[in-house]
file target25.txt (compact mmCIF, C-alpha atoms)
# COMPACT_ATOMS: atom_id res chain seq x y z
CA MET A 1 -0.62 -9.85 -25.68
CA SER A 2 -4.19 -11.03 -26.20
CA THR A 3 -7.31 -8.92 -25.80
CA ASP A 4 -8.12 -10.81 -22.60
CA ASP A 5 -4.64 -10.06 -21.22
CA ILE A 6 -5.05 -6.37 -22.01
CA GLU A 7 -8.47 -6.26 -20.34
CA ASN A 8 -7.16 -8.09 -17.27
CA SER A 9 -4.25 -5.67 -17.04
CA ARG A 10 -6.57 -2.67 -17.23
CA SER A 11 -8.87 -4.20 -14.64
CA GLY A 12 -5.95 -4.83 -12.28
CA ILE A 13 -4.71 -1.26 -12.64
CA GLN A 14 -8.21 0.06 -11.93
CA VAL A 15 -8.48 -2.04 -8.76
CA ILE A 16 -5.13 -0.74 -7.50
CA SER A 17 -6.15 2.83 -8.30
CA ARG A 18 -9.43 2.44 -6.45
CA ALA A 19 -7.74 0.83 -3.45
CA ALA A 20 -5.28 3.74 -3.31
CA THR A 21 -8.19 6.19 -3.43
CA VAL A 22 -9.88 4.42 -0.50
CA LEU A 23 -6.65 4.51 1.54
CA ARG A 24 -6.16 8.21 0.82
CA SER A 25 -9.74 8.98 1.89
CA LEU A 26 -8.95 7.47 5.30
CA LYS A 27 -5.66 9.34 5.58
CA GLU A 28 -7.52 12.50 6.59
CA HIS A 29 -9.87 10.58 8.92
CA PRO A 30 -7.73 8.75 11.51
CA GLU A 31 -10.89 8.17 13.53
CA GLY A 32 -12.17 5.94 10.72
CA LEU A 33 -15.10 5.95 8.30
CA SER A 34 -18.05 3.70 7.59
CA LEU A 35 -18.37 1.98 4.21
CA GLY A 36 -21.09 4.43 3.24
CA GLN A 37 -18.93 7.41 4.18
CA ILE A 38 -15.99 6.04 2.18
CA ALA A 39 -18.25 5.45 -0.83
CA SER A 40 -19.43 9.05 -0.61
CA GLU A 41 -15.85 10.36 -0.25
CA VAL A 42 -14.44 8.46 -3.23
CA GLY A 43 -17.50 8.39 -5.50
CA LEU A 44 -17.77 4.60 -5.78
CA ALA A 45 -20.66 2.22 -5.22
CA ARG A 46 -20.91 0.89 -1.66
CA SER A 47 -20.64 -2.70 -2.94
CA THR A 48 -17.37 -1.85 -4.71
CA VAL A 49 -16.01 -0.19 -1.60
CA GLN A 50 -17.00 -3.23 0.46
CA ARG A 51 -14.99 -5.56 -1.80
CA ILE A 52 -11.94 -3.28 -1.77
CA VAL A 53 -12.10 -2.78 2.01
CA GLY A 54 -12.39 -6.53 2.54
CA ALA A 55 -9.25 -7.18 0.49
CA LEU A 56 -7.34 -4.41 2.29
CA GLN A 57 -8.38 -5.82 5.68
CA ILE A 58 -6.97 -9.24 4.77
CA GLU A 59 -3.61 -7.53 4.16
CA ARG A 60 -3.97 -5.52 7.42
CA LEU A 61 -3.81 -2.27 5.45
CA LEU A 62 -7.20 -1.50 7.01
CA ILE A 63 -8.63 -2.70 10.32
CA ALA A 64 -12.04 -2.52 11.96
CA ASN A 65 -12.55 0.58 14.06
CA THR A 66 -13.96 -0.96 17.24
CA ALA A 67 -14.55 2.40 18.90
CA GLY A 68 -16.80 4.03 16.33
CA GLY A 69 -17.54 1.36 13.75
CA GLY A 70 -16.34 1.29 10.17
CA VAL A 71 -12.65 0.92 9.32
CA ARG A 72 -9.43 2.84 9.75
CA LEU A 73 -5.86 2.61 8.48
CA GLY A 74 -4.14 -0.55 9.66
CA PRO A 75 -0.75 -1.34 11.22
CA GLU A 76 0.78 -2.70 8.02
CA LEU A 77 0.67 0.82 6.55
CA GLY A 78 2.76 2.02 9.48
CA ALA A 79 5.42 -0.56 8.71
CA LEU A 80 5.42 0.42 5.04
CA ALA A 81 5.60 4.12 5.94
CA GLU A 82 8.54 3.48 8.26
CA ALA A 83 10.41 1.74 5.46
CA ALA A 84 9.58 4.61 3.10
CA ARG A 85 10.81 7.18 5.63
CA PHE A 86 14.13 5.35 5.96
CA ASN A 87 14.49 5.19 2.19
CA THR A 88 13.64 8.87 1.85
CA ALA A 89 16.26 9.86 4.42
CA GLU A 90 18.77 7.56 2.73
CA GLN A 91 18.01 9.06 -0.69
CA CYS A 92 18.18 12.63 0.58
CA ARG A 93 21.37 12.32 2.64
CA PRO A 94 23.78 12.88 -0.31
CA LEU A 95 21.74 15.89 -1.39
CA LEU A 96 21.74 17.33 2.14
CA THR A 97 25.52 16.93 2.13
CA GLU A 98 25.75 18.61 -1.27
CA LEU A 99 23.59 21.49 -0.02
CA THR A 100 25.74 21.98 3.07
CA GLN A 101 28.94 21.87 1.02
CA ALA A 102 27.57 24.44 -1.42
CA THR A 103 26.40 26.89 1.26
CA GLY A 104 28.43 26.10 4.37
CA GLU A 105 25.11 26.06 6.24
CA THR A 106 23.21 23.33 8.05
CA SER A 107 20.73 21.33 5.94
CA ASP A 108 17.68 19.67 7.50
CA LEU A 109 15.23 16.99 6.36
CA SER A 110 11.84 16.83 8.07
CA VAL A 111 8.53 15.04 7.61
CA MET A 112 5.02 16.35 8.27
CA ARG A 113 3.11 14.41 10.92
CA GLY A 114 -0.33 15.44 12.14
CA GLY A 115 0.17 19.12 11.42
CA LYS A 116 3.71 19.22 12.89
CA MET A 117 7.20 18.92 11.45
CA ILE A 118 9.53 16.21 12.73
CA PHE A 119 13.25 16.37 11.95
CA ILE A 120 14.56 13.05 10.60
CA ASP A 121 18.05 13.97 9.34
CA GLN A 122 20.55 16.79 9.36
CA VAL A 123 23.97 17.68 8.00
CA PRO A 124 25.61 20.36 10.21
CA GLY A 125 27.10 23.45 8.61
CA THR A 126 30.80 24.26 8.47
CA HIS A 127 30.66 27.78 9.96
CA ARG A 128 31.69 28.30 13.59
CA LEU A 129 28.35 30.00 14.17
CA ARG A 130 25.77 27.53 12.90
CA THR A 131 22.29 26.21 13.68
CA VAL A 132 21.80 22.68 14.99
CA SER A 133 18.59 20.80 15.84
CA SER A 134 18.12 17.28 17.15
CA VAL A 135 16.75 14.48 15.00
CA GLY A 136 13.28 13.71 16.32
CA GLU A 137 12.68 17.31 17.42
CA VAL A 138 9.20 18.64 16.64
CA PHE A 139 8.72 22.04 15.01
CA PRO A 140 5.58 24.08 14.22
CA VAL A 141 4.19 24.48 10.71
CA THR A 142 3.08 28.11 10.54
CA THR A 143 6.30 29.88 11.58
CA THR A 144 8.96 27.66 9.99
CA ALA A 145 10.17 27.47 6.40
CA ASN A 146 9.78 23.70 6.25
CA GLY A 147 6.30 23.78 7.79
CA ARG A 148 5.06 26.53 5.49
CA ALA A 149 6.47 24.73 2.46
CA CYS A 150 4.53 21.58 3.39
CA LEU A 151 1.31 23.47 4.13
CA ALA A 152 1.50 25.05 0.68
CA LYS A 153 1.38 21.54 -0.84
CA LEU A 154 -1.84 20.64 0.97
CA PRO A 155 -5.43 21.43 -0.02
CA ARG A 156 -6.23 24.88 1.36
CA ASP A 157 -8.88 23.65 3.80
CA VAL A 158 -6.50 21.08 5.28
CA ALA A 159 -3.67 23.64 5.52
CA LEU A 160 -5.94 26.13 7.28
CA LYS A 161 -7.16 23.43 9.66
CA TYR A 162 -3.58 22.68 10.73
CA ALA A 163 -2.73 26.38 10.96
CA ALA A 164 -5.82 27.16 13.04
CA ALA A 165 -5.11 24.24 15.38
CA GLU A 166 -1.56 25.49 15.90
CA ALA A 167 -2.77 29.04 16.53
CA SER A 168 -5.19 27.70 19.13
CA ARG A 169 -2.43 25.72 20.88
CA THR A 170 -0.05 28.68 20.97
CA GLY A 171 -2.64 31.35 21.77
CA THR A 172 -1.90 33.33 18.61
CA THR A 173 -4.25 34.83 16.03
CA LEU A 174 -4.42 33.48 12.50
CA ASP A 175 -5.23 35.88 9.65
CA ALA A 176 -6.65 33.26 7.28
CA ASP A 177 -6.69 35.50 4.20
CA ALA A 178 -3.11 36.64 4.69
CA PHE A 179 -1.97 33.09 5.35
CA VAL A 180 -3.64 31.76 2.21
CA GLY A 181 -1.87 34.54 0.29
CA LEU A 182 1.44 33.41 1.78
CA LEU A 183 0.82 29.79 0.77
CA LYS A 184 -0.11 30.88 -2.76
CA HIS A 185 3.16 32.82 -3.02
CA ILE A 186 5.12 29.77 -1.83
CA ASN A 187 3.49 27.66 -4.53
CA GLU A 188 4.36 30.24 -7.16
CA THR A 189 8.03 30.58 -6.15
CA GLY A 190 8.67 27.04 -4.87
CA LEU A 191 10.40 28.34 -1.74
CA ALA A 192 9.22 29.15 1.78
CA TYR A 193 10.93 31.42 4.30
CA ASP A 194 11.18 32.03 8.02
CA ASN A 195 12.55 35.44 8.90
CA ASP A 196 13.20 35.33 12.65
CA GLU A 197 9.61 34.13 13.13
CA HIS A 198 10.23 30.81 14.84
CA SER A 199 13.44 31.52 16.76
CA ASP A 200 15.06 34.90 17.32
CA GLY A 201 18.33 35.12 15.46
CA ILE A 202 17.58 32.26 13.06
CA SER A 203 16.09 32.52 9.57
CA ALA A 204 15.56 29.79 7.00
CA VAL A 205 14.59 28.92 3.46
CA GLY A 206 13.16 25.59 2.35
CA PHE A 207 11.02 23.58 -0.05
CA ALA A 208 8.63 20.63 0.25
CA PHE A 209 8.12 17.45 -1.77
CA HIS A 210 6.11 14.25 -1.72
CA ASP A 211 8.17 11.10 -1.32
CA LEU A 212 7.48 7.87 -3.19
CA ALA A 213 4.90 6.90 -0.55
CA GLY A 214 3.09 10.22 -0.95
CA GLU A 215 4.23 11.65 2.38
CA LEU A 216 5.15 15.31 2.69
CA HIS A 217 8.78 16.10 3.48
CA ALA A 218 10.76 19.32 3.49
CA ILE A 219 14.40 20.28 3.17
CA SER A 220 15.38 23.54 4.79
CA VAL A 221 18.51 25.57 5.40
CA PRO A 222 18.45 27.43 8.73
CA VAL A 223 20.94 30.28 8.95
CA PRO A 224 21.94 32.76 11.69
CA SER A 225 20.01 35.89 10.77
CA SER A 226 23.17 37.99 10.97
CA ARG A 227 24.30 36.58 7.60
CA PHE A 228 21.01 35.36 6.14
CA VAL A 229 20.20 38.31 3.86
CA ARG A 230 23.80 38.61 2.63
CA GLN A 231 24.03 34.93 1.66
CA LEU A 232 20.41 34.43 0.61
CA PRO A 233 20.92 34.55 -3.21
CA GLU A 234 23.64 31.89 -3.00
CA ILE A 235 21.54 29.73 -0.67
CA GLU A 236 18.44 30.07 -2.84
CA ASP A 237 20.37 28.92 -5.92
CA ALA A 238 21.70 25.87 -4.07
CA VAL A 239 18.27 25.02 -2.65
CA ARG A 240 16.64 25.26 -6.08
CA ARG A 241 19.26 22.92 -7.56
CA VAL A 242 18.62 20.35 -4.84
CA ALA A 243 14.85 20.75 -5.21
CA ALA A 244 15.14 19.89 -8.91
CA LEU A 245 17.24 16.82 -8.10
CA ILE A 246 14.75 15.69 -5.45
CA GLN A 247 11.86 16.05 -7.89
CA LYS A 248 13.63 13.79 -10.38
CA ALA A 249 14.53 11.25 -7.68
CA MET A 250 10.97 11.03 -6.41
CA GLN A 251 9.61 10.37 -9.89
CA THR A 252 11.60 7.17 -10.33
call {"tool": "encode", "arguments": {"input": "target25.txt", "output": "structure tokens"}}
result
Amino acid sequence: MSTDDIENSRSGIQVISRAATVLRSLKEHPEGLSLGQIASEVGLARSTVQRIVGALQIERLLIANTAGGGVRLGPELGALAEAARFNTAEQCRPLLTELTQATGETSDLSVMRGGKMIFIDQVPGTHRLRTVSSVGEVFPVTTTANGRACLAKLPRDVALKYAAAEASRTGTTLDADAFVGLLKHINETGLAYDNDEHSDGISAVGFAFHDLAGELHAISVPVPSSRFVRQLPEIEDAVRRVAALIQKAMQT
């Protein structure tokens, strides 16, 4: 490979990296941003941002924000995200099955959307008394194992924003310091728990991961509280094994 080829390769990689940074900056601003605001967010010159945004608009990855000016994420990203979600569910299905076979309990896969958890797949448990949720059902983030696991993966200010919004909707009080401590503990242990906090009689343990598209997902095991504590060590071991397998799968 010639020197020119090497330089062109490096330049191409840099352009892709910068484009990804611009897209991520808009991820947290669905209302859109101006070119100047994007430049400030990502630390690039406005002229550079203008060239990148122009190229992304041609591909419909960004579109003009007619309401407030500037640009926002475009429809093509939605199509790509939908394909990624399908692939994630397809990849995780054998591991959900393995988790259910190892524990006898229901295994769930959910994705974080706008500060809420949406169930996208499930393998029912084998016990007569088992927990079942519907695919497409929406769950909160602050009182569920899957939601807490995802919040722990987010920057603290974003996690607290989602938690505060949920507290406002439900009329509850959020102890920010205590909640940050909980998220820190989840990061340290890799597992999040729900001990009868979302639904009476149901407890859960789960973990979160980023898929290949960078979206936050969680796998959780909800269990009738009557046997949760007794079976928790066995369930934790199985969940940790699956978490390690997921991490490897999402690095390929």
call {"tool": "closest_residue", "arguments": {"input": "target25.txt", "among": "A:Ile246, A:Ile219, A:Ser226, A:Glu28", "to": "Ala159 of chain A", "atoms": "all atoms listed in the file"}}
result
A:Glu28
call {"tool": "closest_residue", "arguments": {"input": "target25.txt", "among": "A:Asp121, A:Ala192, A:Thr126, A:Ile186", "to": "Thr103 of chain A", "atoms": "all atoms listed in the file"}}
result
A:Thr126
call {"tool": "closest_residue", "arguments": {"input": "target25.txt", "among": "A:Met250, A:Val123, A:Leu96, A:Ala55", "to": "Ile16 of chain A", "atoms": "all atoms listed in the file"}}
result
A:Ala55
call {"tool": "closest_residue", "arguments": {"input": "target25.txt", "among": "A:Ala152, A:Val141, A:Ala165, A:Ala20", "to": "Gly181 of chain A", "atoms": "only C-alpha atoms"}}
result
A:Ala152
call {"tool": "residues_around", "arguments": {"input": "target25.txt", "residues": "Asn87 of chain A", "least_positions_apart": "6", "cutoff": "12 Å", "atoms": "only C-alpha atoms", "output": "list in words"}}
result
Leu80, Ala81, Arg93, Ile120, Asp121, Asp211, Leu212, Ala213, Ala249 and Met250 of chain A
call {"tool": "closest_residue", "arguments": {"input": "target25.txt", "among": "A:Thr106, A:Thr170, A:Gln57, A:Gln231", "to": "Leu77 of chain A", "atoms": "only C-alpha atoms"}}
result
A:Gln57
call {"tool": "closest_residue", "arguments": {"input": "target25.txt", "among": "A:Gln91, A:Gln101, A:Ser110, A:Ser225", "to": "Gln122 of chain A", "atoms": "only C-alpha atoms"}}
result
A:Ser110
call {"tool": "atom_distance", "arguments": {"input": "target25.txt", "atom1": "atom CA of Glu197 of chain A", "atom2": "atom CA of Arg148 of chain A"}}
result
11.7 Å
call {"tool": "atom_distance", "arguments": {"input": "target25.txt", "atom1": "atom CA of Gln14 of chain A", "atom2": "atom CA of Gly32 of chain A"}}
result
23.7 Å
call {"tool": "atom_distance", "arguments": {"input": "target25.txt", "atom1": "atom CA of Thr142 of chain A", "atom2": "atom CA of Gly201 of chain A"}}
result
17.5 Å
call {"tool": "residues_around", "arguments": {"input": "target25.txt", "residues": "Ile118 of chain A", "least_positions_apart": "2", "cutoff": "6 Å", "atoms": "only C-alpha atoms", "output": "list in words"}}
result
Ser110, Val111, Gly136, Glu137 and Val138 of chain A
call {"tool": "residues_around", "arguments": {"input": "target25.txt", "residues": "Glu41 of chain A", "least_positions_apart": "6", "cutoff": "12 Å", "atoms": "all atoms listed in the file", "output": "count of residues only"}}
result
14
call {"tool": "residues_around", "arguments": {"input": "target25.txt", "residues": "Lys116 of chain A", "least_positions_apart": "2", "cutoff": "6 Å", "atoms": "all atoms listed in the file", "output": "list in words"}}
result
Met112, Arg113, Gly114, Pro140 and Val141 of chain A
call {"tool": "residues_near_point", "arguments": {"input": "target25.txt", "point": "(4.1, 26.5, 6.2)", "cutoff": "10 Å", "atoms": "all atoms listed in the file", "output": "VMD selection string"}}
result
chain A and resid 115 to 117 140 to 154 159 162 to 163 179 182 to 183 186 192 to 194 206 to 208
call {"tool": "write_last_selection", "arguments": {"input": "target25.txt", "atoms": "C-alpha atoms", "output": "PDB file, in the frame of the given file"}}
result
ATOM      1  CA  GLY A 115       0.170  19.120  11.420  1.00  0.00           C
ATOM      2  CA  LYS A 116       3.710  19.220  12.890  1.00  0.00           C
ATOM      3  CA  MET A 117       7.200  18.920  11.450  1.00  0.00           C
ATOM      4  CA  PRO A 140       5.580  24.080  14.220  1.00  0.00           C
ATOM      5  CA  VAL A 141       4.190  24.480  10.710  1.00  0.00           C
ATOM      6  CA  THR A 142       3.080  28.110  10.540  1.00  0.00           C
ATOM      7  CA  THR A 143       6.300  29.880  11.580  1.00  0.00           C
ATOM      8  CA  THR A 144       8.960  27.660   9.990  1.00  0.00           C
ATOM      9  CA  ALA A 145      10.170  27.470   6.400  1.00  0.00           C
ATOM     10  CA  ASN A 146       9.780  23.700   6.250  1.00  0.00           C
ATOM     11  CA  GLY A 147       6.300  23.780   7.790  1.00  0.00           C
ATOM     12  CA  ARG A 148       5.060  26.530   5.490  1.00  0.00           C
ATOM     13  CA  ALA A 149       6.470  24.730   2.460  1.00  0.00           C
ATOM     14  CA  CYS A 150       4.530  21.580   3.390  1.00  0.00           C
ATOM     15  CA  LEU A 151       1.310  23.470   4.130  1.00  0.00           C
ATOM     16  CA  ALA A 152       1.500  25.050   0.680  1.00  0.00           C
ATOM     17  CA  LYS A 153       1.380  21.540  -0.840  1.00  0.00           C
ATOM     18  CA  LEU A 154      -1.840  20.640   0.970  1.00  0.00           C
ATOM     19  CA  ALA A 159      -3.670  23.640   5.520  1.00  0.00           C
ATOM     20  CA  TYR A 162      -3.580  22.680  10.730  1.00  0.00           C
ATOM     21  CA  ALA A 163      -2.730  26.380  10.960  1.00  0.00           C
ATOM     22  CA  PHE A 179      -1.970  33.090   5.350  1.00  0.00           C
ATOM     23  CA  LEU A 182       1.440  33.410   1.780  1.00  0.00           C
ATOM     24  CA  LEU A 183       0.820  29.790   0.770  1.00  0.00           C
ATOM     25  CA  ILE A 186       5.120  29.770  -1.830  1.00  0.00           C
ATOM     26  CA  ALA A 192       9.220  29.150   1.780  1.00  0.00           C
ATOM     27  CA  TYR A 193      10.930  31.420   4.300  1.00  0.00           C
ATOM     28  CA  ASP A 194      11.180  32.030   8.020  1.00  0.00           C
ATOM     29  CA  GLY A 206      13.160  25.590   2.350  1.00  0.00           C
ATOM     30  CA  PHE A 207      11.020  23.580  -0.050  1.00  0.00           C
ATOM     31  CA  ALA A 208       8.630  20.630   0.250  1.00  0.00           C
TER      32      ALA A 208
END
call {"tool": "residues_around", "arguments": {"input": "target25.txt", "residues": "Arg240 of chain A", "least_positions_apart": "4", "cutoff": "9 Å", "atoms": "all atoms listed in the file", "output": "count of residues only"}}
result
7
